$ cat target_28.pdb   # PDB, C-alpha atoms and all ligand atoms
ATOM      1  CA  MET A   9      10.190   6.796  18.358
ATOM      2  CA  GLU A  10      10.085   3.469  16.613
ATOM      3  CA  LYS A  11      12.282   2.893  13.609
ATOM      4  CA  ILE A  12      10.724   3.238  10.175
ATOM      5  CA  HIS A  13      12.293   1.443   7.219
ATOM      6  CA  PRO A  14      13.800   4.139   4.914
ATOM      7  CA  ILE A  15      11.750   3.013   1.907
ATOM      8  CA  LEU A  16       8.454   3.399   3.740
ATOM      9  CA  THR A  17       6.932   6.865   3.278
ATOM     10  CA  PRO A  18       3.449   8.394   3.404
ATOM     11  CA  GLY A  19       3.764   9.147  -0.322
ATOM     12  CA  LEU A  20       3.688   5.430  -1.083
ATOM     13  CA  ILE A  21       0.421   4.780   0.712
ATOM     14  CA  ALA A  22      -2.422   4.626  -1.802
ATOM     15  CA  PRO A  23      -5.883   6.100  -1.081
ATOM     16  CA  CYS A  24      -7.228   2.546  -0.548
ATOM     17  CA  GLY A  25      -4.660   1.813   2.178
ATOM     18  CA  MET A  26      -2.345  -0.255  -0.034
ATOM     19  CA  ASN A  27       1.298   0.185   0.862
ATOM     20  CA  CYS A  28       2.857   0.477  -2.612
ATOM     21  CA  ALA A  29       6.357  -0.033  -1.149
ATOM     22  CA  LEU A  30       5.383  -3.671  -0.552
ATOM     23  CA  CYS A  31       4.138  -4.233  -4.099
ATOM     24  CA  GLN A  32       6.000  -6.446  -6.509
ATOM     25  CA  ALA A  33       5.662  -3.813  -9.256
ATOM     26  CA  PHE A  34       7.386  -1.250  -7.035
ATOM     27  CA  GLN A  35      10.117  -3.600  -5.824
ATOM     28  CA  ARG A  36      11.139  -5.058  -9.175
ATOM     29  CA  SER A  37      14.159  -3.505 -10.889
ATOM     30  CA  ARG A  38      12.782  -3.341 -14.436
ATOM     31  CA  LYS A  39       9.619  -1.420 -15.373
ATOM     32  CA  LYS A  40       9.392  -0.266 -11.813
ATOM     33  CA  CYS A  41       6.078   1.302 -10.822
ATOM     34  CA  PRO A  42       6.420   4.586  -8.867
ATOM     35  CA  GLY A  43       3.395   3.754  -6.710
ATOM     36  CA  CYS A  44      -0.231   4.801  -6.867
ATOM     37  CA  TRP A  45       0.453   8.550  -6.726
ATOM     38  CA  GLY A  46       3.103   8.544  -9.423
ATOM     39  CA  ASP A  47       2.483   8.553 -13.148
ATOM     40  CA  SER A  48       4.440   6.155 -15.288
ATOM     41  CA  PRO A  49       3.842   4.009 -18.363
ATOM     42  CA  ASP A  50       5.219   1.177 -16.194
ATOM     43  CA  LYS A  51       2.196   1.312 -13.931
ATOM     44  CA  SER A  52      -0.049  -1.685 -14.583
ATOM     45  CA  LYS A  53      -3.262  -1.160 -16.560
ATOM     46  CA  PHE A  54      -5.065  -2.496 -13.521
ATOM     47  CA  CYS A  55      -3.723   0.321 -11.336
ATOM     48  CA  GLN A  56      -3.988   3.028 -14.022
ATOM     49  CA  SER A  57      -7.671   2.377 -14.453
ATOM     50  CA  CYS A  58      -8.361   1.766 -10.749
ATOM     51  CA  ILE A  59     -11.698   3.245  -9.675
ATOM     52  CA  ILE A  60     -10.312   4.155  -6.250
ATOM     53  CA  ARG A  61      -7.218   5.862  -7.635
ATOM     54  CA  ASN A  62      -9.431   7.896  -9.961
ATOM     55  CA  CYS A  63     -12.220   8.499  -7.455
ATOM     56  CA  PRO A  64     -13.253  12.204  -7.402
ATOM     57  CA  THR A  65     -14.291  11.999  -3.731
ATOM     58  CA  ASN A  66     -10.769  10.971  -2.763
ATOM     59  CA  ARG A  67      -9.251  13.730  -4.820
ATOM     60  CA  ASP A  68     -11.349  16.311  -2.975
ATOM     61  CA  ASN A  69     -10.962  15.141   0.600
ATOM     62  CA  ALA A  70      -8.120  16.530   2.706
ATOM     63  CA  SER A  71      -6.119  13.349   3.335
ATOM     64  CA  HIS A  72      -6.961  11.670  -0.011
ATOM     65  CA  PHE A  73      -7.644   8.459   1.923
ATOM     66  CA  CYS A  74     -10.834   6.434   1.633
ATOM     67  CA  TYR A  75     -11.445   6.599   5.389
ATOM     68  CA  GLU A  76     -12.793  10.123   4.926
ATOM     69  CA  CYS A  77     -15.468   8.898   2.552
ATOM     70  CA  GLU A  78     -18.967   8.351   3.899
ATOM     71  CA  ASP A  79     -19.347   5.382   1.559
ATOM     72  CA  MET A  80     -16.355   3.548   2.987
ATOM     73  CA  PRO A  81     -16.066   0.688   2.356
ATOM     74  CA  CYS A  82     -17.512   1.043  -1.142
ATOM     75  CA  LYS A  83     -18.048  -2.004  -3.336
ATOM     76  CA  ARG A  84     -14.691  -1.605  -5.067
ATOM     77  CA  LEU A  85     -12.744  -1.236  -1.809
ATOM     78  CA  LYS A  86     -14.530  -4.278  -0.368
ATOM     79  CA  GLN A  87     -13.588  -6.351  -3.444
ATOM     80  CA  LEU A  88      -9.963  -5.276  -3.250
ATOM     81  CA  ASP A  89      -9.828  -5.878   0.493
ATOM     82  CA  THR A  90     -11.299  -9.381   0.142
ATOM     83  CA  ARG A  91      -8.841 -10.264  -2.620
ATOM     84  CA  TYR A  92      -5.846  -9.084  -0.592
ATOM     85  CA  ARG A  93      -6.995 -10.646   2.663
ATOM     86  CA  THR A  94      -7.546 -13.976   0.927
ATOM     87  CA  LYS A  95      -4.514 -14.069  -1.333
ATOM     88  CA  TYR A  96      -1.913 -11.994   0.487
ATOM     89  CA  GLY A  97      -2.935 -11.846   4.145
ATOM     90  CA  MET A  98      -3.319  -8.078   4.322
ATOM     91  CA  SER A  99      -6.329  -5.822   4.600
ATOM     92  CA  MET A 100      -6.598  -2.415   2.973
ATOM     93  CA  ILE A 101      -9.500  -1.534   5.260
ATOM     94  CA  GLU A 102      -7.503  -2.446   8.372
ATOM     95  CA  ASN A 103      -4.628  -0.327   7.084
ATOM     96  CA  LEU A 104      -6.953   2.639   6.530
ATOM     97  CA  ILE A 105      -8.438   2.359  10.005
ATOM     98  CA  GLU A 106      -4.977   2.120  11.535
ATOM     99  CA  ILE A 107      -3.840   5.254   9.685
ATOM    100  CA  ARG A 108      -6.993   7.110  10.713
ATOM    101  CA  ASP A 109      -6.908   6.070  14.376
ATOM    102  CA  LYS A 110      -3.192   5.878  15.165
ATOM    103  CA  GLY A 111      -1.655   8.241  12.654
ATOM    104  CA  MET A 112       0.657   7.773   9.683
ATOM    105  CA  ASP A 113       3.913   7.533  11.689
ATOM    106  CA  ALA A 114       2.569   4.763  13.913
ATOM    107  CA  PHE A 115       1.210   2.944  10.872
ATOM    108  CA  LEU A 116       4.551   3.127   9.063
ATOM    109  CA  ALA A 117       6.419   1.962  12.174
ATOM    110  CA  HIS A 118       4.069  -1.020  12.414
ATOM    111  CA  GLN A 119       4.488  -1.792   8.695
ATOM    112  CA  SER A 120       8.235  -1.573   9.189
ATOM    113  CA  GLU A 121       8.120  -4.076  12.023
ATOM    114  CA  LYS A 122       5.902  -6.418  10.017
ATOM    115  CA  TYR A 123       7.618  -6.256   6.627
ATOM    116  CA  THR A 124      11.355  -5.809   7.237
ATOM    117  CA  CYS A 125      13.251  -8.983   6.310
ATOM    118  CA  SER A 126      15.071 -10.279   9.384
ATOM    119  CA  THR A 127      17.855 -11.694   7.201
ATOM    120  CA  CYS A 128      18.753  -8.796   4.874
ATOM    121  CA  GLN A 129      16.791  -5.868   6.387
ATOM    122  CA  GLY A 130      15.211  -5.305   2.974
ATOM    123  CA  LEU A 131      11.486  -4.787   2.572
ATOM    124  CA  LEU A 132       9.348  -7.874   2.120
ATOM    125  CA  CYS A 133       6.823  -8.029  -0.701
ATOM    126  CA  VAL A 134       3.164  -8.519   0.098
ATOM    127  CA  HIS A 135       2.647 -10.493  -3.124
ATOM    128  CA  ARG A 136       5.354 -13.054  -2.379
ATOM    129  CA  SER A 137       5.974 -15.263   0.617
ATOM    130  CA  ARG A 138       9.763 -15.091   0.174
ATOM    131  CA  CYS A 139      11.922 -11.993   0.438
ATOM    132  CA  LEU A 140      12.741 -10.792  -3.102
ATOM    133  CA  THR A 141      16.065  -9.339  -1.968
ATOM    134  CA  CYS A 142      17.234 -12.642  -0.460
ATOM    135  CA  ASN A 143      15.593 -14.746  -3.195
ATOM    136  CA  PRO A 144      15.424 -12.696  -6.393
TER     137      PRO A 144
HETATM  138 ZN    ZN B 201      15.729 -10.594   2.755
END
$ encode --input "target_28.pdb" --output "structure tokens" --more "lines below"
Ligand SMILES: [Zn+2]
Amino acid sequence: MEKIHPILTPGLIAPCGMNCALCQAFQRSRKKCPGCWGDSPDKSKFCQSCIIRNCPTNRDNASHFCYECEDMPCKRLKQLDTRYRTKYGMSMIENLIEIRDKGMDAFLAHQSEKYTCSTCQGLLCVHRSRCLTCNP
């Protein structure tokens, strides 16, 4: 069994495939967002009003992930995926397919390998090129 970083859990994976543990809003110490599934006034307006987070199809499907949806990738998911691939070098759609095909544990192990800082063993942030623990 590969090692999974202790902060990485299935509960922090959003329906769109975003790993909230890697988000700047989750990693910051003040006004910390609890992740897509949590409710908090500290969650950004952008995420509170997210069409995918509030999508009734996702609420009704068993896994709550977009990969179960027959419309995947919908327009909104495609937009988000393009933005993240271009700006941050990660793909929500790739994440979703990995979770669907390899399982959550394998996905988290892979995320762990990819996003653990080799200097401090903290989690890297997808929105920043530098480790926020080493370079706050
Ligand atoms: Zn670090």
$ residues_around --input "target_28.pdb" --residues "segment 56-65 of chain A" --least-positions-apart "3" --cutoff "8 Å" --atoms "only C-alpha atoms" --output "list in words"
Ala22, Pro23, Cys24, Cys44, Lys51, Ser52, Lys53, Asp68, Asn69, Cys77, Arg84 and Leu85 of chain A
$ residues_near_ligand --input "target_28.pdb" --ligand "ligand ZN 201 (chain B)" --cutoff "6 Å" --atoms "only C-alpha atoms and all ligand atoms" --output "list of chain:residue names"
A:Cys125, A:Thr127, A:Cys128, A:Gly130, A:Cys139, A:Thr141, A:Cys142
$ resolve_selection --input "target_28.pdb" --expression "the PyMOL selection byres (((chain A and resi 88) around 10) and not hetatm)" --output "tab-separated table (two decimals) with C-alpha atoms, in the frame of the given file"
chain	number	residue	atom	x	y	z
A	24	CYS	CA	-7.23	2.55	-0.55
A	26	MET	CA	-2.35	-0.26	-0.03
A	60	ILE	CA	-10.31	4.16	-6.25
A	83	LYS	CA	-18.05	-2.00	-3.34
A	84	ARG	CA	-14.69	-1.60	-5.07
A	85	LEU	CA	-12.74	-1.24	-1.81
A	86	LYS	CA	-14.53	-4.28	-0.37
A	87	GLN	CA	-13.59	-6.35	-3.44
A	89	ASP	CA	-9.83	-5.88	0.49
A	90	THR	CA	-11.30	-9.38	0.14
A	91	ARG	CA	-8.84	-10.26	-2.62
A	92	TYR	CA	-5.85	-9.08	-0.59
A	93	ARG	CA	-7.00	-10.65	2.66
A	94	THR	CA	-7.55	-13.98	0.93
A	99	SER	CA	-6.33	-5.82	4.60
A	100	MET	CA	-6.60	-2.42	2.97
A	101	ILE	CA	-9.50	-1.53	5.26
$ closest_residue --input "target_28.pdb" --among "A:Leu30, A:Cys41, A:Cys74, A:Cys55" --to "Arg108 of chain A" --atoms "all atoms listed in the file"
A:Cys74
$ closest_residue --input "target_28.pdb" --among "A:Asn66, A:Lys95, A:Gly19, A:Glu78" --to "Gly46 of chain A" --atoms "all atoms listed in the file"
A:Gly19
$ resolve_selection --input "target_28.pdb" --expression "the PyMOL selection byres (((chain A and resi 134) around 8) and not hetatm)" --output "VMD selection string"
chain A and resid 30 to 32 96 98 132 to 133 135 to 137
$ atom_distance --input "target_28.pdb" --atom1 "atom CA of Asn27 of chain A" --atom2 "atom CA of Leu104 of chain A"
10.3 Å
$ closest_residue --input "target_28.pdb" --among "A:Gly97, A:Glu76, A:Ala70, A:Ser48" --to "Asp109 of chain A" --atoms "all atoms listed in the file"
A:Glu76
$ atom_distance --input "target_28.pdb" --atom1 "atom CA of Ile12 of chain A" --atom2 "atom CA of Tyr75 of chain A"
22.9 Å
$ residues_around --input "target_28.pdb" --residues "segment 115-119 of chain A" --least-positions-apart "2" --cutoff "9 Å" --atoms "all atoms listed in the file" --output "JSON, numbers by chain"
{"A": [9, 10, 11, 12, 13, 16, 17, 18, 27, 103, 106, 107, 110, 111, 112, 113, 121, 122, 123, 124]}
$ atom_distance --input "target_28.pdb" --atom1 "atom CA of Leu140 of chain A" --atom2 "atom CA of Arg38 of chain A"
13.6 Å
$ closest_residue --input "target_28.pdb" --among "A:Pro81, A:Ser126, A:Asp47, A:Ser120" --to "Ile105 of chain A" --atoms "all atoms listed in the file"
A:Pro81
